[in-house]
$ cat protein-v1.txt   # compact mmCIF, C-alpha atoms
# COMPACT_ATOMS: atom_id res chain seq x y z
CA ASP A 1 45.84 -92.81 -62.35
CA LYS A 2 46.26 -92.71 -66.12
CA MET A 3 42.86 -92.61 -67.83
CA GLY A 4 41.23 -94.31 -64.83
CA LYS A 5 42.87 -97.65 -65.60
CA TYR A 6 44.35 -99.67 -62.75
CA GLN A 7 48.13 -99.76 -63.02
CA ILE A 8 49.72 -103.19 -62.72
CA PHE A 9 53.43 -103.80 -62.07
CA ILE A 10 54.98 -107.27 -62.56
CA ILE A 11 58.23 -108.60 -61.06
CA ASP A 12 59.78 -111.95 -61.91
CA ASP A 13 63.30 -113.09 -62.70
CA GLU A 14 62.02 -115.37 -65.48
CA PRO A 15 61.40 -113.35 -68.67
CA MET A 16 58.93 -115.97 -69.91
CA ILE A 17 56.70 -115.43 -66.90
CA ILE A 18 56.67 -111.68 -67.37
CA LYS A 19 55.89 -112.15 -71.05
CA GLY A 20 53.14 -114.62 -70.23
CA LEU A 21 51.51 -112.40 -67.65
CA LYS A 22 51.67 -109.36 -69.92
CA GLU A 23 50.19 -111.15 -72.91
CA LEU A 24 47.86 -113.79 -71.52
CA VAL A 25 45.91 -111.93 -68.86
CA PRO A 26 43.08 -109.96 -70.54
CA TRP A 27 44.11 -106.68 -68.89
CA GLN A 28 41.97 -104.41 -71.09
CA GLU A 29 38.89 -106.43 -70.32
CA ILE A 30 39.26 -105.78 -66.58
CA ASN A 31 40.21 -102.10 -66.97
CA CYS A 32 43.91 -102.56 -66.17
CA GLU A 33 47.20 -101.92 -67.88
CA VAL A 34 50.73 -103.09 -67.15
CA CYS A 35 52.70 -99.94 -66.33
CA GLY A 36 56.06 -101.64 -65.83
CA THR A 37 58.02 -104.80 -65.13
CA ALA A 38 61.23 -105.67 -63.28
CA LYS A 39 63.44 -108.74 -63.02
CA ASN A 40 64.37 -108.54 -59.33
CA GLY A 41 63.33 -106.90 -56.09
CA GLU A 42 65.96 -104.21 -56.29
CA GLU A 43 64.73 -102.99 -59.68
CA GLY A 44 61.16 -103.36 -58.48
CA LEU A 45 61.80 -101.30 -55.37
CA GLN A 46 63.15 -98.40 -57.40
CA MET A 47 60.44 -98.41 -60.07
CA ILE A 48 57.46 -99.01 -57.79
CA GLY A 49 58.52 -96.14 -55.55
CA GLN A 50 58.38 -93.89 -58.61
CA LEU A 51 55.36 -95.29 -60.45
CA GLN A 52 53.13 -95.97 -57.42
CA PRO A 53 51.14 -98.69 -59.20
CA ASP A 54 47.79 -99.87 -57.85
CA ILE A 55 48.66 -103.56 -57.88
CA VAL A 56 51.99 -105.39 -57.81
CA ILE A 57 52.36 -109.04 -58.84
CA SER A 58 55.68 -110.36 -57.62
CA ASP A 59 57.72 -113.53 -57.41
CA ILE A 60 59.44 -114.26 -54.07
CA ARG A 61 62.76 -115.97 -54.80
CA MET A 62 64.80 -113.57 -56.93
CA PRO A 63 68.41 -112.44 -57.12
CA LYS A 64 69.55 -109.23 -55.37
CA LEU A 65 66.40 -108.73 -53.28
CA ASP A 66 63.64 -111.26 -52.70
CA GLY A 67 60.00 -110.35 -53.18
CA LEU A 68 59.00 -110.31 -49.52
CA MET A 69 61.94 -108.15 -48.48
CA MET A 70 61.08 -105.78 -51.32
CA ILE A 71 57.45 -105.57 -50.15
CA GLU A 72 58.61 -104.88 -46.61
CA LYS A 73 60.76 -101.98 -47.84
CA LEU A 74 57.95 -100.68 -50.05
CA LYS A 75 55.42 -100.58 -47.22
CA ASN A 76 56.62 -97.09 -46.25
CA LEU A 77 56.79 -95.81 -49.83
CA THR A 78 53.43 -96.95 -51.14
CA ARG A 79 50.35 -96.44 -49.06
CA ASP A 80 47.62 -98.05 -51.14
CA THR A 81 49.39 -100.56 -53.37
CA LYS A 82 48.01 -104.11 -53.20
CA PHE A 83 50.47 -106.99 -53.42
CA ILE A 84 49.87 -110.38 -55.02
CA VAL A 85 52.63 -112.96 -54.65
CA LEU A 86 53.34 -115.67 -57.24
CA THR A 87 55.74 -118.34 -56.11
CA SER A 88 56.76 -121.94 -56.66
CA TYR A 89 57.67 -122.24 -52.99
CA ARG A 90 55.20 -123.87 -50.65
CA GLU A 91 57.20 -123.13 -47.49
CA PHE A 92 55.01 -122.15 -44.57
CA ASP A 93 57.47 -119.45 -43.44
CA TYR A 94 57.03 -117.60 -46.72
CA ALA A 95 53.26 -117.74 -46.53
CA GLN A 96 53.32 -116.59 -42.93
CA LYS A 97 55.65 -113.68 -43.69
CA ALA A 98 53.46 -112.71 -46.66
CA ILE A 99 50.41 -112.58 -44.38
CA GLU A 100 52.27 -110.44 -41.85
CA LEU A 101 53.16 -108.01 -44.63
CA GLY A 102 49.52 -107.75 -45.67
CA VAL A 103 50.02 -109.49 -49.02
CA MET A 104 46.57 -109.90 -50.50
CA LYS A 105 46.98 -113.20 -52.33
CA TYR A 106 49.62 -115.93 -52.23
CA LEU A 107 49.41 -117.88 -55.50
CA LEU A 108 51.47 -120.97 -56.22
CA LYS A 109 53.14 -121.48 -59.59
CA PRO A 110 52.25 -122.78 -62.05
CA THR A 111 49.31 -120.40 -61.73
CA ASN A 112 46.45 -120.30 -64.16
CA ILE A 113 45.32 -117.06 -65.76
CA GLU A 114 41.87 -117.22 -64.12
CA ASP A 115 43.42 -117.25 -60.63
CA ILE A 116 45.54 -114.22 -61.44
CA LYS A 117 42.60 -112.42 -62.98
CA SER A 118 40.37 -113.04 -59.96
CA ALA A 119 43.12 -112.02 -57.52
CA VAL A 120 43.56 -108.76 -59.47
CA ILE A 121 39.80 -108.12 -59.49
CA GLU A 122 39.69 -108.70 -55.73
CA ALA A 123 42.52 -106.18 -55.29
CA MET A 124 40.65 -103.68 -57.48
CA MET A 125 37.52 -104.08 -55.36
CA GLN A 126 39.51 -103.48 -52.17
CA LEU A 127 41.03 -100.34 -53.68
CA ASP A 128 37.57 -99.07 -54.69
CA ASP A 129 36.23 -99.78 -51.22
CA GLU A 130 39.05 -97.93 -49.51
CA HIS A 131 38.70 -95.04 -51.90
CA SER A 132 34.97 -94.60 -51.30
CA HIS A 133 35.52 -94.82 -47.52
CA GLU A 134 38.04 -92.02 -47.77
CA GLU A 135 35.57 -89.92 -49.75
CA ASP A 136 32.82 -90.52 -47.18
CA ILE A 137 35.11 -89.66 -44.30
CA LYS A 138 36.19 -86.46 -46.09
CA LYS A 139 32.54 -85.45 -46.54
CA LEU A 140 31.73 -86.19 -42.92
CA ARG A 141 34.76 -84.24 -41.74
CA GLN A 142 33.75 -81.31 -43.96
CA LYS A 143 30.24 -81.37 -42.52
CA LEU A 144 31.60 -81.30 -38.96
CA ILE A 145 33.90 -78.40 -39.78
CA GLU A 146 31.04 -76.44 -41.33
CA THR A 147 28.85 -77.05 -38.30
CA ILE A 148 31.54 -76.04 -35.85
CA SER A 149 32.42 -72.87 -37.75
CA GLY A 150 28.67 -72.23 -37.94
CA PHE A 151 28.55 -72.05 -34.15
CA GLU A 152 31.39 -69.55 -34.05
CA GLU A 153 29.80 -67.21 -36.59
CA GLU A 154 26.49 -67.18 -34.75
CA ASP A 155 28.19 -65.95 -31.59
CA THR A 156 29.00 -62.62 -33.21
CA HIS A 157 25.88 -62.19 -35.38
CA ASP A 158 22.92 -62.97 -33.23
CA LEU A 159 23.77 -61.15 -30.06
CA GLY A 160 20.09 -60.31 -29.68
CA GLN A 161 19.21 -63.98 -29.57
CA THR A 162 18.92 -65.35 -26.08
CA ILE A 163 21.76 -67.57 -25.05
CA GLN A 164 19.32 -70.34 -24.15
CA ALA A 165 17.77 -70.57 -27.62
CA GLN A 166 21.20 -70.67 -29.19
CA GLU A 167 22.37 -73.43 -26.89
CA ASP A 168 19.29 -75.48 -27.73
CA GLU A 169 19.92 -75.06 -31.42
CA ASN A 170 23.60 -75.96 -31.11
CA GLU A 171 22.74 -78.99 -29.05
CA SER A 172 20.22 -80.29 -31.55
CA ARG A 173 22.71 -79.71 -34.37
CA VAL A 174 25.42 -81.63 -32.56
CA LYS A 175 22.95 -84.43 -31.81
CA TYR A 176 21.95 -84.58 -35.47
CA LEU A 177 25.60 -84.83 -36.54
CA ALA A 178 26.37 -87.43 -33.91
CA VAL A 179 23.49 -89.59 -35.09
CA GLN A 180 24.70 -89.25 -38.67
CA ALA A 181 28.25 -90.17 -37.70
CA ILE A 182 27.06 -93.20 -35.73
CA ASN A 183 24.89 -94.40 -38.62
CA TYR A 184 27.80 -94.03 -41.00
CA MET A 185 30.04 -96.06 -38.68
CA LYS A 186 27.42 -98.80 -38.34
CA GLU A 187 27.00 -99.05 -42.11
CA ASN A 188 30.72 -99.12 -42.76
$ encode --input "protein-v1.txt" --output "C-alpha cells"
Amino acid sequence: DKMGKYQIFIIDDEPMIIKGLKELVPWQEINCEVCGTAKNGEEGLQMIGQLQPDIVISDIRMPKLDGLMMIEKLKNLTRDTKFIVLTSYREFDYAQKAIELGVMKYLLKPTNIEDIKSAVIEAMMQLDDEHSHEEDIKKLRQKLIETISGFEEEDTHDLGQTIQAQEDENESRVKYLAVQAINYMKEN
C-alpha cells in the first residue's frame, strides 16, 4: 500500500458522480486516497485486477458489464478488496445478489457523503481486523514450528537424558502451546 493510505477505486458511468465522490468525500481526513476510476465494469475489472485497491465503490447498472457481474469476476483476482455498492435500484434481487457476493454495503442513490464515509471507515476497520488476525496466526504458526523443530534437535543432542524426562518436557511444552492456541481462538 502506497504510504500506508487506503486505496479507493470508484466505478460509475456518470462522470458527475465520480467527480462528486472524488472531490466531496474528505479522503485525506480518513487516511484514504482515490487510486483510480472507471466508467463501466469492463474497465473496472481490468484496472482493479492490476491496482488491487483496498476498497471499491461501484455502481450496479452500467454499460458493457454491470457492477455485480464485475464483482463476481473480481472475486478470484482480489482476495482482500472490500466492495461498497452505490445504486439507484431498489430491486430485491440486486440486494440479494450483492449479499451473496459478500458486498459490504449496499447504498441507495442519492447517497449522502456521511453514509459513504462511514461505509468506507467500516471497510477499513474490517481490513485492519483481518490483517491483525493474519499477523497473529503467523506468529502462532511460527511458535508451533519452533517448538516442533525444538523436539527434533533435542533427540540428537541430549542422548544422555533419560527418555522419560524428555517425554515429560515435550508433553508439558505441547500442553502449554495448546492452551495458548485455545486462548487465542477464544479471544478471536
$ atom_distance --input "protein-v1.txt" --atom1 "CA of Asn76 (chain A)" --atom2 "CA of Lys109 (chain A)"
28.0 Å
$ closest_residue --input "protein-v1.txt" --among "A:Val34, A:Ile137, A:Ile18, A:Met69" --to "Glu100 (chain A)" --atoms "all atoms listed in the file"
A:Met69
$ atom_distance --input "protein-v1.txt" --atom1 "CA of His131 (chain A)" --atom2 "CA of Glu187 (chain A)"
15.8 Å
$ residues_around --input "protein-v1.txt" --residues "Ala119 (chain A)" --least-positions-apart "5" --cutoff "10 Å" --atoms "all atoms listed in the file" --output "list in words"
Ile57, Phe83, Ile84, Val85, Met104, Lys105, Tyr106, Leu107, Ile113, Glu114, Met124 and Met125 of chain A
$ residues_around --input "protein-v1.txt" --residues "Gly67 (chain A)" --least-positions-apart "2" --cutoff "10 Å" --atoms "all atoms listed in the file" --output "tab-separated table (two decimals) with C-alpha atoms, in the coordinates of the input"
chain	number	residue	atom	x	y	z
A	11	ILE	CA	58.23	-108.60	-61.06
A	12	ASP	CA	59.78	-111.95	-61.91
A	40	ASN	CA	64.37	-108.54	-59.33
A	41	GLY	CA	63.33	-106.90	-56.09
A	42	GLU	CA	65.96	-104.21	-56.29
A	44	GLY	CA	61.16	-103.36	-58.48
A	45	LEU	CA	61.80	-101.30	-55.37
A	57	ILE	CA	52.36	-109.04	-58.84
A	58	SER	CA	55.68	-110.36	-57.62
A	59	ASP	CA	57.72	-113.53	-57.41
A	60	ILE	CA	59.44	-114.26	-54.07
A	61	ARG	CA	62.76	-115.97	-54.80
A	62	MET	CA	64.80	-113.57	-56.93
A	63	PRO	CA	68.41	-112.44	-57.12
A	64	LYS	CA	69.55	-109.23	-55.37
A	65	LEU	CA	66.40	-108.73	-53.28
A	69	MET	CA	61.94	-108.15	-48.48
A	70	MET	CA	61.08	-105.78	-51.32
A	71	ILE	CA	57.45	-105.57	-50.15
A	72	GLU	CA	58.61	-104.88	-46.61
A	73	LYS	CA	60.76	-101.98	-47.84
A	85	VAL	CA	52.63	-112.96	-54.65
A	86	LEU	CA	53.34	-115.67	-57.24
A	87	THR	CA	55.74	-118.34	-56.11
A	98	ALA	CA	53.46	-112.71	-46.66
$ atom_distance --input "protein-v1.txt" --atom1 "CA of Glu91 (chain A)" --atom2 "CA of Lys22 (chain A)"
26.9 Å
$ closest_residue --input "protein-v1.txt" --among "A:Ile10, A:Ile30, A:Met185, A:Met16" --to "Ile48 (chain A)" --atoms "only C-alpha atoms"
A:Ile10
$ closest_residue --input "protein-v1.txt" --among "A:Asn170, A:Asp80, A:Gly36, A:Gln46" --to "Ser149 (chain A)" --atoms "only C-alpha atoms"
A:Asn170
$ axis_aligned_box --input "protein-v1.txt" --around "region 106-119 of chain A" --padding-each-side "4 Å" --output "JSON"
{"center_x": 46.8, "center_y": -117.4, "center_z": -59.0, "size_x": 20.8, "size_y": 18.8, "size_z": 21.5}
$ closest_residue --input "protein-v1.txt" --among "A:Lys19, A:Arg173, A:Lys75, A:Lys143" --to "Val103 (chain A)" --atoms "only C-alpha atoms"
A:Lys75
$ closest_residue --input "protein-v1.txt" --among "A:Leu177, A:Asn183, A:Ser118, A:Ala123" --to "Pro26 (chain A)" --atoms "only C-alpha atoms"
A:Ser118
$ residues_around --input "protein-v1.txt" --residues "Ile8 (chain A)" --least-positions-apart "6" --cutoff "8 Å" --atoms "all atoms listed in the file" --output "list in words"
Cys32, Glu33, Val34, Cys35, Gly36, Pro53, Asp54, Ile55, Val56 and Ile57 of chain A
